[in-house]
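Q: Have a look at this one before I ask anything.
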Amino acid sequence: MLRLNINQLLAVILFVSSLGYLWMAFQIPVFPIPRPVDSDAFPKMLGLCLLILSVFLFLEKVPANVAEDKTSKEADVADDLPQTGIMNPKMQVLGASVGVLAYAFLIKPLGFLAASIILGVGLAYWFGYRNHVVNFVTVGSIVLSLYLLLSKVLGIYLPQGIIPF
């Protein structure tokens, strides 16, 4: 009998979900006014990406040390993470949730660029990445590229906030 590991099981669930999502995305009506990007383009692109990524997840090889069954609950916890203070995984999830909530409140007054850079750099710091120059350059370039793509190319309004462009 074929036995699926957890990644393959999740991949099957995601594959079926992406098929349903794509079916719903193709039900979005196309407007008669010709535009380069219509309202159905982004949902179709997301559904296709999810479909492809679920196939990759299904085909991913599981390392030998992960494939063997673990018997105790302690074996499921990553060995390299200390389980005290802010490095506790529950505290990290809580901190990330607070950061995203603060982002939601700050995106309007600070703007998309500033709030997103603060969130990205802050979350990287919260999860232990301490090379601040590389972190700021990486997050800044990704956020700036996304901002320019959405606002200048696709014509989507994003809050400008304190940065005037």
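Just so we're on the same page: first chain in the structure tokens is A, next is B, and so on; residues restart at 1 for each chain, and ligands are numbered from 1 in the order they show up.
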With a distance cut-off of 10 Å and only C-alpha atoms, select the neighbouring residues of A:Phe26, excluding the residue or stretch itself and same-chain residues fewer than 5 positions from it, and output the selection as a PyMOL selection string.

A: chain A and resi 21+40-41+43-44

Q: Which polymer residues have any atom within 12 Å of an atom of A:Glu60, counting only C-alpha atoms, with same-chain residues fewer than 5 positions away left out, as a list in words?

A: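 The residues that qualify are Leu4, Asn5, Ile6, Asn7, Gln8, Leu9, Leu10, Ala11, Leu53, Ser54 and Val55 of chain A.
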
Q: Save out the residues we just selected, N, CA and C atoms, as a tab-separated table (two decimals), in the first residue's frame.

A:
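The resulting file, out-v3.tsv, is shown below:
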chain	number	residue	atom	x	y	z
A	4	LEU	N	1.76	7.89	2.25
A	4	LEU	CA	2.14	9.28	2.00
A	4	LEU	C	2.72	9.89	3.26
A	5	ASN	N	3.79	10.67	3.09
A	5	ASN	CA	4.29	11.43	4.23
A	5	ASN	C	3.46	12.69	4.39
A	6	ILE	N	3.72	13.48	5.42
A	6	ILE	CA	2.89	14.64	5.71
A	6	ILE	C	2.95	15.68	4.59
A	7	ASN	N	4.12	15.87	3.97
A	7	ASN	CA	4.23	16.83	2.87
A	7	ASN	C	3.39	16.39	1.67
A	8	GLN	N	3.40	15.11	1.38
A	8	GLN	CA	2.62	14.62	0.25
A	8	GLN	C	1.12	14.72	0.53
A	9	LEU	N	0.73	14.46	1.77
A	9	LEU	CA	-0.67	14.60	2.13
A	9	LEU	C	-1.12	16.06	2.01
A	10	LEU	N	-0.31	16.99	2.51
A	10	LEU	CA	-0.61	18.41	2.37
A	10	LEU	C	-0.63	18.82	0.89
A	11	ALA	N	0.26	18.25	0.10
A	11	ALA	CA	0.31	18.59	-1.32
A	11	ALA	C	-0.97	18.15	-2.03
A	53	LEU	N	3.09	24.71	-7.18
A	53	LEU	CA	3.83	24.50	-5.93
A	53	LEU	C	3.36	23.25	-5.19
A	54	SER	N	2.09	22.90	-5.30
A	54	SER	CA	1.64	21.67	-4.66
A	54	SER	C	2.24	20.44	-5.33
A	55	VAL	N	2.43	20.50	-6.64
A	55	VAL	CA	3.10	19.38	-7.34
A	55	VAL	C	4.55	19.28	-6.88

Q: Hey, which of A:Ser141, A:Ser39, A:Gln27, A:Gln160 ends up closest to A:Leu106? Count only C-alpha atoms.

A: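 For A:Leu106, the nearest of the given residues is A:Gln160.
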
Q: Applying 10 Å and only C-alpha atoms, which residues near stretch 29-37 of chain A remain after dropping the ones on its own chain fewer than 5 positions away? List them as a PDB file with N, CA and C atoms, in the first residue's frame.

A:
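Below is the file part.pdb, written as the result:
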ATOM      1  N   PHE A  42      -5.200  38.172 -11.539  1.00  0.00           N
ATOM      2  CA  PHE A  42      -4.488  37.849 -10.296  1.00  0.00           C
ATOM      3  C   PHE A  42      -4.997  36.556  -9.660  1.00  0.00           C
ATOM      4  N   VAL A 153       2.856  50.026 -12.566  1.00  0.00           N
ATOM      5  CA  VAL A 153       2.547  49.135 -13.688  1.00  0.00           C
ATOM      6  C   VAL A 153       1.072  48.725 -13.682  1.00  0.00           C
ATOM      7  N   LEU A 154       0.598  48.261 -12.518  1.00  0.00           N
ATOM      8  CA  LEU A 154      -0.770  47.757 -12.459  1.00  0.00           C
ATOM      9  C   LEU A 154      -1.790  48.832 -12.082  1.00  0.00           C
ATOM     10  N   GLY A 155      -1.319  49.983 -11.641  1.00  0.00           N
ATOM     11  CA  GLY A 155      -2.231  51.079 -11.311  1.00  0.00           C
ATOM     12  C   GLY A 155      -3.049  50.854 -10.057  1.00  0.00           C
TER      13      GLY A 155
END

Q: Mind checking DSSP for chain A and telling me the alpha helix (DSSP H) residues as an MDAnalysis selection string?

A: chainID A and resid 6:25 41:59 64:67 89:110 112:126 132:148

Q: Record the distance separating atom CA of A:Asn88 and atom CA of A:Arg130, expressed in Å with one decimal.

A: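 According to the coordinates, atom CA of A:Asn88 and atom CA of A:Arg130 are separated by 17.8 Å.
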